[in-house]
Structures are given as structure tokens and as C-alpha cells.
Protein chains: 2
Amino acid sequence: MNYYSEKDIRDIVAGVLAQSKLAVAGGCTETSEQIPVEVSARHVHLTQEALEKLFGRGYQLTKKKDLSQPGEFLSGERVKLVTQKGEIANVAVLGPVRKQVQVEVSATDSRTLGIKVPVCLSGDLVGGADMLIIGPEGILEAKECTIVAQAHVHMTPEDAKHYGVTDGQVLSIRLQTERPITLDSVIVRVKQASKLAVHVDFDEANAALVDGNTTGMIVKRG
Amino acid sequence: MNYYSEKDIRDIVAGVLAQSKLAVAGGCTETSEQIPVEVSARHVHLTQEALEKLFGRGYQLTKKKDLSQPGEFLSGERVKLVTQKGEIANVAVLGPVRKQVQVEVSATDSRTLGIKVPVCLSGDLVGGADMLIIGPEGILEAKECTIVAQAHVHMTPEDAKHYGVTDGQVLSIRLQTERPITLDSVIVRVKQASKLAVHVDFDEANAALVDGNTTGMIVKRG
């Protein structure tokens, strides 16, 4: 019988564990906490200038319903999106007005409109598609403003600390439905005035059959 | 200093490893081999009887294009799908004729049609939705025939052996795109006359921006 010191044993265990880690390299672990999932339909963000061009001088957005993120709301205003190859009517305008015009559509919408639309993080319009926006009082040529929004998860700095993630980090989030999928490129958006929620678009929602009770959980890849 | 026998050490290591396994329960490893991904648009399978009801007595399907699965083809025939709340025209009929009428639509289509459609494996129509199918020569009331097809991967028995999977097994498959997602409920379909391919519908394809070059890889959950 051989005898080993405690240090020997520690070294042996460490070696075995290192091998074990290799075996699960590329693996992942799931958190068990459930994050609410919300679906964003196609919508438009306008500047005050763009709003006035489309709806008339001095026009103010009317609030129809508060959205989950503090301060954000669904307005009563609607616009039409037009391209050379297609159009989509009755598109919601979200408020409040912003510093940039932004049109968010789904990849399915981009087929209807007959254009190529890049997947971008909201606010990052580099390479965005052109769109004609039509309102009751005017027309706006919105250059490079149209994107497919990348899935993202809103959270407070406290949430971020809790989950051990940082602003801008890319996560996988598993949607727990009867048709489960894992979104493997979800951006973390950390802001003090936030409500914890995963935001997906209608394609992602339909692919996973997301409903009002769907939750997601963070999958950490090793 | 304490001394331990080899058996003591084995027991200690085993205990630590057992804890380690708990820590990676729900983990996963990815294979590196790439499987082609193909997108199924909405379509209809007909029986010979249904074909004749819609297109006329003695009618035979015409072949327009071979599909990837041996013997399957896109026909030149098109039908219209109608519900009380909506309709979709110009829907492809796939050949050859089968023993059962089956209508496959996407969850997005089910919204257009205003009906609830269950996610089922092709061939398993339990609880399928009702649909009116309209052809140039007749109308077919197709009861409980309409489904959203569950994502599946076609393979030969040799492929199945290679990947260590069996017919009917549920896998996760990661779609490698600029908008990566992992489908967490993909059914393995093993058949001798098969070509290795993952089949997804248009919602799943749009959620992941699948194109003609997209491949998927099997993710094995621990």
C-alpha cells in the first residue's frame, strides 16, 4: 500500500478536475432563475423634428400605454413604411421622441418590404436600411435607420451584479416553451432605470411560440 | 501530517467529482461536425383521392423539382388555404401523394389564418387544426390535418450510429449564423433512404437568419 500526503492528494484531485474541466469545455450551465420575456412588434422611434414632419408642426405624441421599461410608452400614432417593393401599414410609434429616427422590423417584414435589413443593437444604426415613412401630414425619407433588433436583456446594475454579467456582454438565453429555443446572441443592456426583461422580436417569438407567460434563463457557456 | 491509502484517495476524488458533476448538470458539449440546414416553406401533402377532388378525376402530380430527401419532390400544383378568419394563396403541394392529407404552416401563418395550430412531428396529426383547401376543380374540408412541423433532422442508420443518436430522440441543434440560435427540441428521424439535413420552418429560419449555406451542429446536453 502506498501512502500520500494531503498535498499529494490535493495535486491528484486537481489533476483529475483539470481533466474533467477539459471534458466539459464548450459546455454550459443554466441558471434556474426565470427572466420575463417580452415580444417587440415592429415599431418606429422618431425625433421631434421627424414627428412634426409626419404629423404636423408642434405635434406631440399621445400616450396610449406604458411599456415595461420605465418612461417608454406606446403612442396612439401610427405610420406606414414603404419601400420600392412593398409596404407595411399601421406601424406603431413608440415614445418619448429620441435623438435618432429608428425603424425596427422583423426579418419576415424585411421579406415583405423586399429589402435587406441588418441585425443591430437598438441605437446602433451603422449600415441600417433606408425607409420611406408616411404620416398623415408628411413623408420622411429615413436613411440608414431601419434595423432588425438584436435580442437583448434589460437589467439594472444590481441585476447585472446578481447574474455576474456586464453591459454589452453577449449571453445565451433559453426560452422555456413547448417549442424551446436558446437565443445565442443576446446583448446585456444595463441601465439604472430598467425592468428586468428579455426582449425578442416576432420571428424569435414565433420560432419559440412565446406567450405572455414565457420566461427565459441565462445559459452560461464554459 | 495525515496519510491516506489509495482507496481513501479514490473515495475523496470520487466524492469531489460527484459534486463537480452536480455543478455541470444541465451542461452540454457541442459536436464540431456541420449538418446542412434546409428551410421548409408552408406546404401541403395530399392523398390521391384528395388530389383528384382538388384537381379533377385521374389527376397526377407533376414534378417541378426534386427535394433533398430521396423520392420527395416539389410539384407544379398550388392550392389555397382558407379559414373563417384568413387565407393564404399559392401554397405548394409536395409529392408523391401520401396516405394522409397534411398541411404544414408556420406559427406566423397561423396568425394570418387566425387559428391555433399545434406543433407536431410530421405524420403525427393528433389535435391538428381544420383547414379548407381549395383547388382549381374542387374544395376539400381537411379535418385535423394542419400542423406546425417540429424541427427535425433526417439521417440514415449509419449517420445515427455515427452521432450516437436514435430515431425519435430529441436533440439540441445550434444554427451557426450571424444571429445564432439553438433549437432545443429537434427530433431525430432515421430512415435508410435519407439525406443528412436539419429541417426548420420559416419562423425558425428568420429567427436565425438562415441562408443557403447555414449549417447546424448537435449540442449534447449532459
# chains A, B, ... in the order shown; residues from 1 in each chain; ligands from 1
>>> select_by_dssp(residues="chain B", states="strand (DSSP E)", output="PyMOL selection string")
chain B and resi 28-30+35-40+43-45+63-66+73-82+87-95+102-104+119-120+129-134+139-149+152-155+170-175+181-190+197-201+215-221
>>> closest_residue(among="A:Ser5, A:Ser122, A:Thr83, A:Thr156", to="chain B", atoms="only C-alpha atoms")
A:Ser5
>>> residues_around(residues="A:His43", least_positions_apart="3", cutoff="7 Å", atoms="only C-alpha atoms", output="NGL selection string")
:A and (91-94 or 103-105)
>>> write_last_selection(atoms="C-alpha atoms", output="CSV table (one decimal), in the first residue's frame")
chain,number,residue,atom,x,y,z
A,91,VAL,CA,-46.9,50.6,-37.7
A,92,ALA,CA,-46.7,51.7,-34.0
A,93,VAL,CA,-44.7,54.8,-33.0
A,94,LEU,CA,-43.1,54.5,-29.6
A,103,VAL,CA,-37.3,51.7,-37.6
A,104,GLU,CA,-37.4,48.2,-36.1
A,105,VAL,CA,-38.8,45.4,-38.2
>>> residues_around(residues="stretch 51-53 of chain B", least_positions_apart="6", cutoff="7 Å", atoms="only C-alpha atoms", output="list in words")
Tyr59, Glu137, Gly138, Ile139 and Leu140 of chain B
>>> write_last_selection(atoms="all heavy atoms", output="PDB file, in the first residue's frame")
ATOM      1  N   TYR B  59     -56.262  12.839 -61.861  1.00  0.00           N
ATOM      2  CA  TYR B  59     -55.151  13.795 -61.917  1.00  0.00           C
ATOM      3  C   TYR B  59     -53.870  13.209 -61.304  1.00  0.00           C
ATOM      4  O   TYR B  59     -53.912  12.477 -60.332  1.00  0.00           O
ATOM      5  CB  TYR B  59     -55.525  15.085 -61.177  1.00  0.00           C
ATOM      6  CG  TYR B  59     -54.632  16.247 -61.519  1.00  0.00           C
ATOM      7  CD1 TYR B  59     -54.911  17.063 -62.608  1.00  0.00           C
ATOM      8  CD2 TYR B  59     -53.483  16.521 -60.785  1.00  0.00           C
ATOM      9  CE1 TYR B  59     -54.079  18.123 -62.946  1.00  0.00           C
ATOM     10  CE2 TYR B  59     -52.642  17.572 -61.114  1.00  0.00           C
ATOM     11  CZ  TYR B  59     -52.950  18.368 -62.190  1.00  0.00           C
ATOM     12  OH  TYR B  59     -52.115  19.408 -62.523  1.00  0.00           O
ATOM     13  N   GLU B 137     -60.376  22.567 -59.227  1.00  0.00           N
ATOM     14  CA  GLU B 137     -61.544  21.746 -59.569  1.00  0.00           C
ATOM     15  C   GLU B 137     -62.379  21.332 -58.375  1.00  0.00           C
ATOM     16  O   GLU B 137     -63.334  20.550 -58.528  1.00  0.00           O
ATOM     17  CB  GLU B 137     -61.081  20.483 -60.323  1.00  0.00           C
ATOM     18  CG  GLU B 137     -60.394  20.744 -61.651  1.00  0.00           C
ATOM     19  CD  GLU B 137     -61.357  21.319 -62.687  1.00  0.00           C
ATOM     20  OE1 GLU B 137     -62.547  20.967 -62.664  1.00  0.00           O
ATOM     21  OE2 GLU B 137     -60.892  22.136 -63.521  1.00  0.00           O
ATOM     22  N   GLY B 138     -61.993  21.783 -57.181  1.00  0.00           N
ATOM     23  CA  GLY B 138     -62.803  21.363 -56.042  1.00  0.00           C
ATOM     24  C   GLY B 138     -62.283  21.874 -54.720  1.00  0.00           C
ATOM     25  O   GLY B 138     -61.230  22.522 -54.651  1.00  0.00           O
ATOM     26  N   ILE B 139     -63.051  21.571 -53.700  1.00  0.00           N
ATOM     27  CA  ILE B 139     -62.759  22.024 -52.335  1.00  0.00           C
ATOM     28  C   ILE B 139     -62.657  20.811 -51.420  1.00  0.00           C
ATOM     29  O   ILE B 139     -63.419  19.855 -51.573  1.00  0.00           O
ATOM     30  CB  ILE B 139     -63.900  22.946 -51.843  1.00  0.00           C
ATOM     31  CG1 ILE B 139     -63.901  24.252 -52.649  1.00  0.00           C
ATOM     32  CG2 ILE B 139     -63.766  23.239 -50.364  1.00  0.00           C
ATOM     33  CD1 ILE B 139     -65.122  25.108 -52.374  1.00  0.00           C
ATOM     34  N   LEU B 140     -61.693  20.857 -50.510  1.00  0.00           N
ATOM     35  CA  LEU B 140     -61.517  19.736 -49.585  1.00  0.00           C
ATOM     36  C   LEU B 140     -61.580  20.266 -48.149  1.00  0.00           C
ATOM     37  O   LEU B 140     -60.837  21.172 -47.785  1.00  0.00           O
ATOM     38  CB  LEU B 140     -60.155  19.082 -49.841  1.00  0.00           C
ATOM     39  CG  LEU B 140     -59.800  17.875 -48.981  1.00  0.00           C
ATOM     40  CD1 LEU B 140     -60.658  16.667 -49.359  1.00  0.00           C
ATOM     41  CD2 LEU B 140     -58.325  17.534 -49.137  1.00  0.00           C
TER      42      LEU B 140
END
>>> closest_residue(among="A:Asp109, A:Glu49, A:Asp211, A:Glu87", to="A:Leu175", atoms="only C-alpha atoms")
A:Asp211
>>> closest_residue(among="B:Glu204, B:Glu72, B:Asp124, B:Glu158", to="chain A", atoms="only C-alpha atoms")
B:Glu204
>>> residues_around(residues="B:Ala89", least_positions_apart="5", cutoff="10 Å", atoms="only C-alpha atoms", output="PyMOL selection string")
chain B and resi 78-82+133-134
>>> closest_residue(among="B:Ile88, B:Leu61, B:Ile173, B:Leu113", to="B:Lys220", atoms="only C-alpha atoms")
B:Ile173
>>> closest_residue(among="A:Gly164, A:Leu74, A:Arg111, A:Leu132", to="chain B", atoms="only C-alpha atoms")
A:Arg111
